[in-house]
file my_file39.txt (compact mmCIF, C-alpha atoms)
# COMPACT_ATOMS: atom_id res chain seq x y z
CA MET A 1 7.31 -24.38 245.08
CA LYS A 2 4.36 -23.35 247.20
CA GLU A 3 1.24 -22.96 245.07
CA GLN A 4 -0.67 -19.72 245.49
CA ASP A 5 -4.36 -19.83 246.30
CA GLY A 6 -6.31 -21.23 243.38
CA ALA A 7 -3.23 -21.67 241.18
CA VAL A 8 -2.49 -24.87 239.27
CA THR A 9 0.86 -26.39 238.33
CA ILE A 10 1.08 -27.47 234.69
CA TRP A 11 3.96 -29.03 232.76
CA GLY A 12 5.08 -30.01 229.30
CA ILE A 13 5.97 -27.89 226.28
CA HIS A 14 2.59 -28.09 224.54
CA PRO A 15 0.40 -27.25 227.58
CA VAL A 16 2.66 -24.36 228.62
CA SER A 17 2.90 -23.05 225.05
CA GLU A 18 -0.89 -23.22 224.62
CA PHE A 19 -1.45 -21.40 227.90
CA ILE A 20 0.84 -18.46 227.23
CA LYS A 21 -0.59 -17.87 223.73
CA ASP A 22 -3.70 -16.22 225.14
CA PHE A 23 -3.21 -16.09 228.90
CA SER A 24 0.35 -14.93 229.52
CA SER A 25 -0.90 -12.46 232.15
CA LYS A 26 -2.31 -15.41 234.12
CA CYS A 27 1.04 -17.18 234.23
CA LEU A 28 2.55 -16.66 237.68
CA GLU A 29 5.87 -18.47 237.34
CA ILE A 30 7.72 -20.59 234.80
CA PHE A 31 10.58 -22.94 235.64
CA ILE A 32 12.94 -24.62 233.19
CA THR A 33 15.83 -27.02 233.55
CA GLU A 34 19.39 -25.70 233.20
CA HIS A 35 19.93 -27.06 229.69
CA PHE A 36 16.45 -26.22 228.39
CA GLY A 37 16.56 -24.85 224.85
CA ARG A 38 18.76 -27.42 223.15
CA LYS A 39 15.81 -29.04 221.37
CA ARG A 40 13.92 -27.21 218.64
CA SER A 41 10.60 -27.25 220.50
CA GLN A 42 12.30 -25.94 223.63
CA ALA A 43 14.05 -23.16 221.72
CA THR A 44 10.73 -22.16 220.13
CA LEU A 45 9.10 -21.85 223.54
CA LEU A 46 12.03 -19.80 224.86
CA ARG A 47 11.72 -17.36 221.96
CA GLU A 48 8.00 -17.00 222.64
CA LEU A 49 8.64 -16.34 226.33
CA GLU A 50 11.27 -13.74 225.45
CA ARG A 51 8.88 -12.04 223.02
CA MET A 52 6.33 -11.78 225.83
CA GLY A 53 8.84 -10.45 228.30
CA ILE A 54 8.65 -13.57 230.50
CA THR A 55 11.89 -14.70 232.13
CA PRO A 56 11.75 -18.32 233.33
CA ALA A 57 13.66 -19.40 236.40
CA LYS A 58 16.24 -22.15 235.93
CA ARG A 59 16.24 -25.21 238.17
CA GLN A 60 18.66 -28.10 238.31
CA ASP A 61 15.66 -30.39 238.69
CA PHE A 62 11.99 -30.20 239.63
CA THR A 63 12.15 -32.35 242.74
CA SER A 64 10.82 -29.55 244.96
CA LEU A 65 7.89 -28.81 242.66
CA SER A 66 5.89 -31.85 243.81
CA LEU A 67 5.09 -33.19 240.36
CA PRO A 68 3.36 -36.58 240.31
CA ARG A 69 5.49 -39.62 239.63
CA GLY A 70 6.00 -40.19 235.92
CA ALA A 71 5.11 -36.62 234.94
CA VAL A 72 6.58 -35.94 231.47
CA HIS A 73 7.58 -32.32 232.01
CA GLN A 74 9.96 -31.97 229.01
CA GLY A 75 12.00 -29.49 231.04
CA VAL A 76 9.31 -26.88 231.74
CA VAL A 77 6.81 -26.30 234.56
CA ALA A 78 4.46 -23.36 235.07
CA LEU A 79 2.27 -22.09 237.87
CA VAL A 80 -0.90 -20.59 236.39
CA ARG A 81 -4.24 -19.14 237.32
CA PRO A 82 -7.18 -21.31 236.20
CA VAL A 83 -8.80 -19.72 233.15
CA TRP A 84 -11.29 -22.51 232.58
CA GLU A 85 -13.80 -21.86 235.37
CA ALA A 86 -17.26 -20.44 234.70
CA GLY A 87 -20.23 -19.72 236.93
CA PHE A 88 -23.57 -21.37 236.17
CA GLU A 89 -25.16 -18.04 235.29
CA MET A 90 -22.50 -17.51 232.60
CA LEU A 91 -23.47 -20.54 230.53
CA PRO A 92 -25.97 -18.85 228.14
CA SER A 93 -23.35 -16.25 227.25
CA LEU A 94 -20.96 -19.03 226.19
CA TRP A 95 -23.20 -20.23 223.39
CA GLY A 96 -24.75 -16.87 222.54
CA THR A 97 -26.80 -17.29 219.37
CA ASP A 98 -25.43 -20.79 218.66
CA ILE A 99 -27.44 -23.92 219.39
CA PRO A 100 -26.26 -24.93 222.88
CA LEU A 101 -24.11 -28.01 223.31
CA LEU A 102 -22.94 -29.05 226.76
CA THR A 103 -20.99 -32.03 228.02
CA VAL A 104 -22.39 -33.09 231.39
CA CYS A 105 -20.04 -35.24 233.47
CA ASP A 106 -21.51 -37.15 236.39
CA GLN A 107 -18.71 -37.68 238.93
CA ILE A 108 -15.64 -38.46 236.83
CA THR A 109 -12.92 -39.40 239.29
CA ASP A 110 -10.00 -40.28 237.01
CA PRO A 111 -7.97 -37.19 236.01
CA ARG A 112 -6.86 -38.69 232.70
CA ASN A 113 -10.44 -39.53 231.78
CA LEU A 114 -11.53 -36.00 232.60
CA GLY A 115 -8.69 -34.59 230.51
CA ALA A 116 -9.65 -36.79 227.56
CA VAL A 117 -13.33 -35.82 227.93
CA ILE A 118 -12.35 -32.15 227.89
CA ARG A 119 -10.28 -32.67 224.76
CA SER A 120 -13.12 -34.43 222.90
CA SER A 121 -15.55 -31.71 224.00
CA VAL A 122 -13.35 -28.93 222.64
CA VAL A 123 -12.53 -30.72 219.40
CA PHE A 124 -16.21 -31.23 218.55
CA GLY A 125 -17.50 -27.85 219.66
CA ALA A 126 -19.13 -28.24 223.07
CA HIS A 127 -19.56 -24.80 224.61
CA ALA A 128 -18.80 -25.90 228.18
CA LEU A 129 -18.67 -28.82 230.60
CA LEU A 130 -21.05 -29.11 233.53
CA LEU A 131 -19.76 -31.04 236.55
CA PRO A 132 -20.83 -31.63 240.15
CA GLU A 133 -18.53 -30.16 242.79
CA ARG A 134 -18.60 -33.31 244.88
CA GLY A 135 -17.30 -36.58 243.49
CA THR A 136 -15.43 -35.00 240.58
CA VAL A 137 -11.65 -34.96 240.37
CA PRO A 138 -10.15 -31.46 240.72
CA VAL A 139 -8.30 -29.94 237.80
CA THR A 140 -4.60 -30.66 238.23
CA GLY A 141 -1.63 -30.73 235.92
CA VAL A 142 -2.53 -34.33 235.09
CA VAL A 143 -5.93 -33.20 233.77
CA VAL A 144 -4.33 -30.36 231.82
CA LYS A 145 -1.72 -32.68 230.30
CA ALA A 146 -4.34 -35.29 229.35
CA SER A 147 -6.40 -32.60 227.65
CA ALA A 148 -3.33 -31.57 225.61
CA GLY A 149 -4.04 -27.96 226.55
CA ALA A 150 -7.63 -28.11 225.29
CA ILE A 151 -8.85 -27.11 228.75
CA PHE A 152 -7.65 -23.57 227.98
CA ARG A 153 -10.20 -23.40 225.13
CA THR A 154 -13.33 -24.22 227.10
CA ARG A 155 -15.10 -23.54 230.39
CA LEU A 156 -15.82 -25.88 233.28
CA CYS A 157 -18.88 -25.10 235.36
CA ARG A 158 -19.01 -26.84 238.73
CA VAL A 159 -22.37 -26.94 240.47
CA THR A 160 -23.55 -28.04 243.90
CA ASN A 161 -26.46 -30.13 242.60
CA LEU A 162 -26.10 -31.53 239.08
CA ALA A 163 -29.69 -32.78 238.76
CA ARG A 164 -31.11 -29.43 239.88
CA SER A 165 -28.85 -27.57 237.46
CA MET A 166 -29.99 -29.80 234.60
CA GLU A 167 -33.60 -29.04 235.51
CA ALA A 168 -32.86 -25.30 235.40
CA LEU A 169 -31.29 -25.64 231.95
CA LYS A 170 -34.27 -27.62 230.71
CA LYS A 171 -36.45 -24.64 231.58
CA ILE A 172 -34.50 -22.48 229.13
CA GLY A 173 -34.78 -25.01 226.33
CA LEU A 174 -32.06 -27.63 226.67
CA TRP A 175 -32.71 -31.36 226.29
CA PHE A 176 -30.50 -33.98 227.91
CA VAL A 177 -29.40 -37.25 226.34
CA GLY A 178 -27.73 -39.81 228.59
CA LEU A 179 -25.11 -42.06 227.01
CA THR A 180 -25.79 -45.60 228.19
CA PRO A 181 -23.94 -48.59 226.69
CA GLY A 182 -26.31 -51.26 225.41
CA ALA A 183 -29.50 -49.33 226.16
CA GLY A 184 -31.52 -46.53 224.60
CA GLU A 185 -31.88 -45.52 220.97
CA ARG A 186 -29.06 -45.81 218.49
CA ILE A 187 -27.22 -42.49 218.52
CA TRP A 188 -27.66 -41.92 214.78
CA ASP A 189 -31.43 -42.49 214.96
CA MET A 190 -31.93 -39.50 217.24
CA ASP A 191 -32.26 -35.85 216.36
CA LEU A 192 -29.28 -34.15 217.98
CA SER A 193 -29.58 -30.78 216.27
CA ILE A 194 -31.57 -29.44 219.22
CA PRO A 195 -30.22 -27.45 222.22
CA LEU A 196 -28.48 -30.32 223.91
CA GLY A 197 -26.56 -31.66 226.87
CA LEU A 198 -24.77 -35.02 226.44
CA VAL A 199 -24.61 -36.74 229.83
CA VAL A 200 -21.88 -39.24 230.70
CA GLY A 201 -21.26 -41.12 233.93
CA ALA A 202 -18.11 -42.29 235.63
CA GLU A 203 -16.29 -45.38 234.35
CA GLY A 204 -17.89 -48.49 235.81
CA LYS A 205 -20.61 -46.63 237.71
CA GLY A 206 -22.60 -44.94 234.97
CA LEU A 207 -25.19 -42.29 235.72
CA ARG A 208 -26.59 -41.80 239.21
CA ARG A 209 -30.32 -42.27 239.71
CA LEU A 210 -31.23 -38.58 240.10
CA VAL A 211 -29.12 -37.57 237.12
CA ARG A 212 -30.72 -40.32 235.02
CA SER A 213 -34.14 -39.03 236.01
CA LYS A 214 -33.33 -35.66 234.45
CA CYS A 215 -32.34 -37.15 231.09
CA ASP A 216 -35.01 -36.78 228.41
CA PHE A 217 -33.65 -39.60 226.27
CA PHE A 218 -30.97 -42.26 226.33
CA ALA A 219 -28.62 -43.11 223.49
CA THR A 220 -26.29 -45.98 222.80
CA ILE A 221 -23.45 -46.44 220.35
CA PRO A 222 -23.90 -49.79 218.57
CA GLN A 223 -20.82 -52.02 218.54
CA ASP A 224 -19.98 -55.11 216.52
CA SER A 225 -17.40 -56.39 218.98
CA VAL A 226 -18.23 -58.51 222.02
CA LEU A 227 -15.52 -56.66 223.94
CA ASP A 228 -16.35 -54.30 226.78
CA SER A 229 -18.03 -51.01 225.96
CA LEU A 230 -16.05 -48.06 224.64
CA ASN A 231 -13.90 -45.97 226.93
CA LEU A 232 -15.79 -42.98 228.36
CA SER A 233 -13.96 -40.32 226.35
CA VAL A 234 -14.09 -42.35 223.14
CA ALA A 235 -17.84 -42.89 223.46
CA LEU A 236 -18.34 -39.20 224.13
CA GLY A 237 -16.20 -38.32 221.12
CA VAL A 238 -18.36 -40.51 218.87
CA ALA A 239 -21.55 -38.92 220.22
CA LEU A 240 -20.19 -35.38 219.87
CA TYR A 241 -19.13 -36.09 216.31
CA GLU A 242 -22.66 -37.26 215.51
CA VAL A 243 -24.00 -34.00 216.93
CA LYS A 244 -21.58 -32.03 214.76
CA ARG A 245 -22.45 -34.10 211.69
CA GLN A 246 -26.19 -33.61 212.13
CA ARG A 247 -25.89 -29.91 212.77
CA ALA A 248 -23.86 -29.51 209.60
CA PHE A 249 -26.68 -31.00 207.52
CA TYR A 250 -29.87 -30.21 209.41
CA ARG A 251 -30.34 -26.54 210.16
CA HIS A 252 -33.92 -26.68 211.47
CA PRO A 253 -34.42 -28.55 214.78
CA VAL A 254 -37.30 -31.00 214.95
CA GLU A 255 -38.89 -32.91 217.82
CA PRO A 256 -36.07 -34.45 219.89
CA GLY A 257 -35.77 -38.18 219.84
CA SER A 258 -37.67 -38.49 216.56
CA LYS A 259 -36.47 -40.80 213.78
CA ARG A 260 -35.01 -39.24 210.67
call {"tool": "encode", "arguments": {"input": "my_file39.txt", "output": "structure tokens"}}
result
Amino acid sequence: MKEQDGAVTIWGIHPVSEFIKDFSSKCLEIFITEHFGRKRSQATLLRELERMGITPAKRQDFTSLSLPRGAVHQGVVALVRPVWEAGFEMLPSLWGTDIPLLTVCDQITDPRNLGAVIRSSVVFGAHALLLPERGTVPVTGVVVKASAGAIFRTRLCRVTNLARSMEALKKIGLWFVGLTPGAGERIWDMDLSIPLGLVVGAEGKGLRRLVRSKCDFFATIPQDSVLDSLNLSVALGVALYEVKRQRAFYRHPVEPGSKR
């Protein structure tokens, strides 16, 4: 299968099902194996496709579709238009009258990590993800699969210069908190009910110097164990949960970084 310009190949029953729920018009092609439909989940997807007037093409196998080794396709592959991209100027419209919450990713190069970060961001209510164009893994089916389809529920904004974009957002009221293991204030001692961007760096590398310089504060997640620090997506999930918890109880923002 030759991918069309800008299209992305996704696979697996859950990602494909999630995509067609709201974006069936953006689905270019769907392929299924010859015996697809014998399992309950497969039959459910087939009924949904039929209801939408989508006829999948049958294939004996997916060898020609260039899936990565070990891809768990569950008998279904789709070629789709990306619905998760957003321009920088669109960001304020994504949070509207809500208190802004962004996940800022500084050069994540592992597709599974990016997928997990996207999933945590969606689960805990981040309005969008801000990423640099250079040094960040592109969105592939691996990213989509790792996000469990959550990528269809958010927007990714890729920018040429991450530090400069953070500076522009600061001018419209956002504050940036860098997550740094073993350094900074304890995450629960900070006021996170403010317009906020949570900034995470790549595994092993952390935040780059210029990106660090744009952070207003730094937060750490205290650990009892002497083991290595938390995985990137897990640490972000903890931080995002703390934001959600605080915003549920504290409706009036106070000075960022202050003790409660």
call {"tool": "atom_distance", "arguments": {"input": "my_file39.txt", "atom1": "CA of Gly178 (chain A)", "atom2": "CA of Val144 (chain A)"}}
result
25.4 Å
call {"tool": "residues_near_point", "arguments": {"input": "my_file39.txt", "point": "(23.0, -28.8, 231.4)", "cutoff": "12 Å", "atoms": "all atoms listed in the file", "output": "ChimeraX atom specification"}}
result
/A:32-38,58-61,75
call {"tool": "closest_residue", "arguments": {"input": "my_file39.txt", "among": "A:Leu196, A:Leu129, A:Val243, A:Ala219", "to": "Leu174 (chain A)", "atoms": "only C-alpha atoms"}}
result
A:Leu196
call {"tool": "closest_residue", "arguments": {"input": "my_file39.txt", "among": "A:Arg112, A:His127, A:Lys244, A:Arg186", "to": "Glu203 (chain A)", "atoms": "all atoms listed in the file"}}
result
A:Arg112
call {"tool": "residues_around", "arguments": {"input": "my_file39.txt", "residues": "Leu46 (chain A)", "least_positions_apart": "2", "cutoff": "10 Å", "atoms": "all atoms listed in the file", "output": "mmCIF file with C-alpha atoms, in the frame of the given file"}}
result
data_model
loop_
_atom_site.group_PDB
_atom_site.id
_atom_site.type_symbol
_atom_site.label_atom_id
_atom_site.label_comp_id
_atom_site.auth_asym_id
_atom_site.auth_seq_id
_atom_site.Cartn_x
_atom_site.Cartn_y
_atom_site.Cartn_z
ATOM 1 C CA SER A 17 2.900 -23.050 225.050
ATOM 2 C CA ILE A 32 12.940 -24.620 233.190
ATOM 3 C CA PHE A 36 16.450 -26.220 228.390
ATOM 4 C CA GLY A 37 16.560 -24.850 224.850
ATOM 5 C CA ARG A 40 13.920 -27.210 218.640
ATOM 6 C CA SER A 41 10.600 -27.250 220.500
ATOM 7 C CA GLN A 42 12.300 -25.940 223.630
ATOM 8 C CA ALA A 43 14.050 -23.160 221.720
ATOM 9 C CA THR A 44 10.730 -22.160 220.130
ATOM 10 C CA GLU A 48 8.000 -17.000 222.640
ATOM 11 C CA LEU A 49 8.640 -16.340 226.330
ATOM 12 C CA GLU A 50 11.270 -13.740 225.450
ATOM 13 C CA ARG A 51 8.880 -12.040 223.020
ATOM 14 C CA MET A 52 6.330 -11.780 225.830
ATOM 15 C CA ILE A 54 8.650 -13.570 230.500
ATOM 16 C CA THR A 55 11.890 -14.700 232.130
ATOM 17 C CA PRO A 56 11.750 -18.320 233.330
#
call {"tool": "residues_around", "arguments": {"input": "my_file39.txt", "residues": "Gly206 (chain A)", "least_positions_apart": "4", "cutoff": "10 Å", "atoms": "all atoms listed in the file", "output": "list in words"}}
result
Asp106, Gln107, Ile108, Gly178, Leu179, Thr180, Pro181, Val199, Val200, Gly201, Ala202, Arg212 and Leu232 of chain A
call {"tool": "axis_aligned_box", "arguments": {"input": "my_file39.txt", "around": "region 72-85 of chain A", "padding_each_side": "6 Å", "output": "AutoDock Vina command-line options"}}
result
--center_x -0.9 --center_y -27.5 --center_z 233.4 --size_x 37.8 --size_y 28.8 --size_z 20.9
call {"tool": "residues_around", "arguments": {"input": "my_file39.txt", "residues": "Gly197 (chain A)", "least_positions_apart": "5", "cutoff": "8 Å", "atoms": "all atoms listed in the file", "output": "list of chain:residue names"}}
result
A:Pro100, A:Leu101, A:Leu102, A:Thr103, A:Val104, A:Leu174, A:Trp175, A:Phe176, A:Val177
call {"tool": "build_atoms", "arguments": {"input": "my_file39.txt", "residues": "region 193-224 of chain A", "atoms": "N, CA and C atoms", "output": "mmCIF file, in the coordinates of the input"}}
result
data_model
loop_
_atom_site.group_PDB
_atom_site.id
_atom_site.type_symbol
_atom_site.label_atom_id
_atom_site.label_comp_id
_atom_site.auth_asym_id
_atom_site.auth_seq_id
_atom_site.Cartn_x
_atom_site.Cartn_y
_atom_site.Cartn_z
ATOM 1 N N SER A 193 -29.804 -32.154 216.707
ATOM 2 C CA SER A 193 -29.580 -30.780 216.270
ATOM 3 C C SER A 193 -30.251 -29.774 217.197
ATOM 4 N N ILE A 194 -30.864 -30.265 218.252
ATOM 5 C CA ILE A 194 -31.570 -29.440 219.220
ATOM 6 C C ILE A 194 -30.615 -28.871 220.270
ATOM 7 N N PRO A 195 -31.028 -27.896 221.072
ATOM 8 C CA PRO A 195 -30.220 -27.450 222.220
ATOM 9 C C PRO A 195 -29.995 -28.644 223.154
ATOM 10 N N LEU A 196 -28.759 -28.986 223.398
ATOM 11 C CA LEU A 196 -28.480 -30.320 223.910
ATOM 12 C C LEU A 196 -27.404 -30.366 224.988
ATOM 13 N N GLY A 197 -27.594 -31.283 225.927
ATOM 14 C CA GLY A 197 -26.560 -31.660 226.870
ATOM 15 C C GLY A 197 -26.332 -33.155 226.765
ATOM 16 N N LEU A 198 -25.108 -33.595 226.470
ATOM 17 C CA LEU A 198 -24.770 -35.020 226.440
ATOM 18 C C LEU A 198 -24.258 -35.399 227.820
ATOM 19 N N VAL A 199 -24.886 -36.398 228.432
ATOM 20 C CA VAL A 199 -24.610 -36.740 229.830
ATOM 21 C C VAL A 199 -23.858 -38.058 229.897
ATOM 22 N N VAL A 200 -22.690 -38.040 230.545
ATOM 23 C CA VAL A 200 -21.880 -39.240 230.700
ATOM 24 C C VAL A 200 -21.607 -39.487 232.180
ATOM 25 N N GLY A 201 -21.540 -40.750 232.548
ATOM 26 C CA GLY A 201 -21.260 -41.120 233.930
ATOM 27 C C GLY A 201 -19.838 -41.602 234.096
ATOM 28 N N ALA A 202 -19.461 -41.833 235.332
ATOM 29 C CA ALA A 202 -18.110 -42.290 235.630
ATOM 30 C C ALA A 202 -17.900 -43.710 235.105
ATOM 31 N N GLU A 203 -16.634 -44.033 234.801
ATOM 32 C CA GLU A 203 -16.290 -45.380 234.350
ATOM 33 C C GLU A 203 -16.745 -46.405 235.383
ATOM 34 N N GLY A 204 -17.480 -47.407 234.924
ATOM 35 C CA GLY A 204 -17.890 -48.490 235.810
ATOM 36 C C GLY A 204 -19.152 -48.219 236.589
ATOM 37 N N LYS A 205 -19.440 -46.959 236.896
ATOM 38 C CA LYS A 205 -20.610 -46.630 237.710
ATOM 39 C C LYS A 205 -21.797 -46.158 236.881
ATOM 40 N N GLY A 206 -21.516 -45.465 235.790
ATOM 41 C CA GLY A 206 -22.600 -44.940 234.970
ATOM 42 C C GLY A 206 -23.252 -43.730 235.634
ATOM 43 N N LEU A 207 -24.469 -43.458 235.225
ATOM 44 C CA LEU A 207 -25.190 -42.290 235.720
ATOM 45 C C LEU A 207 -25.895 -42.593 237.037
ATOM 46 N N ARG A 208 -25.856 -41.646 237.952
ATOM 47 C CA ARG A 208 -26.590 -41.800 239.210
ATOM 48 C C ARG A 208 -28.089 -41.662 238.968
ATOM 49 N N ARG A 209 -28.861 -42.192 239.884
ATOM 50 C CA ARG A 209 -30.320 -42.270 239.710
ATOM 51 C C ARG A 209 -30.942 -40.898 239.449
ATOM 52 N N LEU A 210 -30.615 -39.897 240.260
ATOM 53 C CA LEU A 210 -31.230 -38.580 240.100
ATOM 54 C C LEU A 210 -30.824 -37.925 238.787
ATOM 55 N N VAL A 211 -29.584 -38.130 238.388
ATOM 56 C CA VAL A 211 -29.120 -37.570 237.120
ATOM 57 C C VAL A 211 -29.833 -38.261 235.964
ATOM 58 N N ARG A 212 -29.977 -39.575 236.051
ATOM 59 C CA ARG A 212 -30.720 -40.320 235.020
ATOM 60 C C ARG A 212 -32.142 -39.801 234.888
ATOM 61 N N SER A 213 -32.744 -39.474 236.027
ATOM 62 C CA SER A 213 -34.140 -39.030 236.010
ATOM 63 C C SER A 213 -34.324 -37.701 235.290
ATOM 64 N N LYS A 214 -33.254 -36.942 235.137
ATOM 65 C CA LYS A 214 -33.330 -35.660 234.450
ATOM 66 C C LYS A 214 -33.025 -35.770 232.960
ATOM 67 N N CYS A 215 -32.603 -36.949 232.517
ATOM 68 C CA CYS A 215 -32.340 -37.150 231.090
ATOM 69 C C CYS A 215 -33.666 -37.327 230.355
ATOM 70 N N ASP A 216 -33.798 -36.669 229.219
ATOM 71 C CA ASP A 216 -35.010 -36.780 228.410
ATOM 72 C C ASP A 216 -34.995 -38.034 227.552
ATOM 73 N N PHE A 217 -33.817 -38.429 227.126
ATOM 74 C CA PHE A 217 -33.650 -39.600 226.270
ATOM 75 C C PHE A 217 -32.333 -40.287 226.614
ATOM 76 N N PHE A 218 -32.204 -41.513 226.135
ATOM 77 C CA PHE A 218 -30.970 -42.260 226.330
ATOM 78 C C PHE A 218 -30.495 -42.772 224.977
ATOM 79 N N ALA A 219 -29.190 -42.704 224.775
ATOM 80 C CA ALA A 219 -28.620 -43.110 223.490
ATOM 81 C C ALA A 219 -27.517 -44.127 223.727
ATOM 82 N N THR A 220 -27.370 -45.002 222.762
ATOM 83 C CA THR A 220 -26.290 -45.980 222.800
ATOM 84 C C THR A 220 -25.531 -45.953 221.492
ATOM 85 N N ILE A 221 -24.283 -46.358 221.540
ATOM 86 C CA ILE A 221 -23.450 -46.440 220.350
ATOM 87 C C ILE A 221 -23.316 -47.919 219.991
ATOM 88 N N PRO A 222 -23.956 -48.377 218.933
ATOM 89 C CA PRO A 222 -23.900 -49.790 218.570
ATOM 90 C C PRO A 222 -22.468 -50.251 218.292
ATOM 91 N N GLN A 223 -22.150 -51.452 218.749
ATOM 92 C CA GLN A 223 -20.820 -52.020 218.540
ATOM 93 C C GLN A 223 -20.953 -53.417 217.949
ATOM 94 N N ASP A 224 -20.021 -53.766 217.081
ATOM 95 C CA ASP A 224 -19.980 -55.110 216.520
ATOM 96 C C ASP A 224 -19.224 -56.063 217.430
#
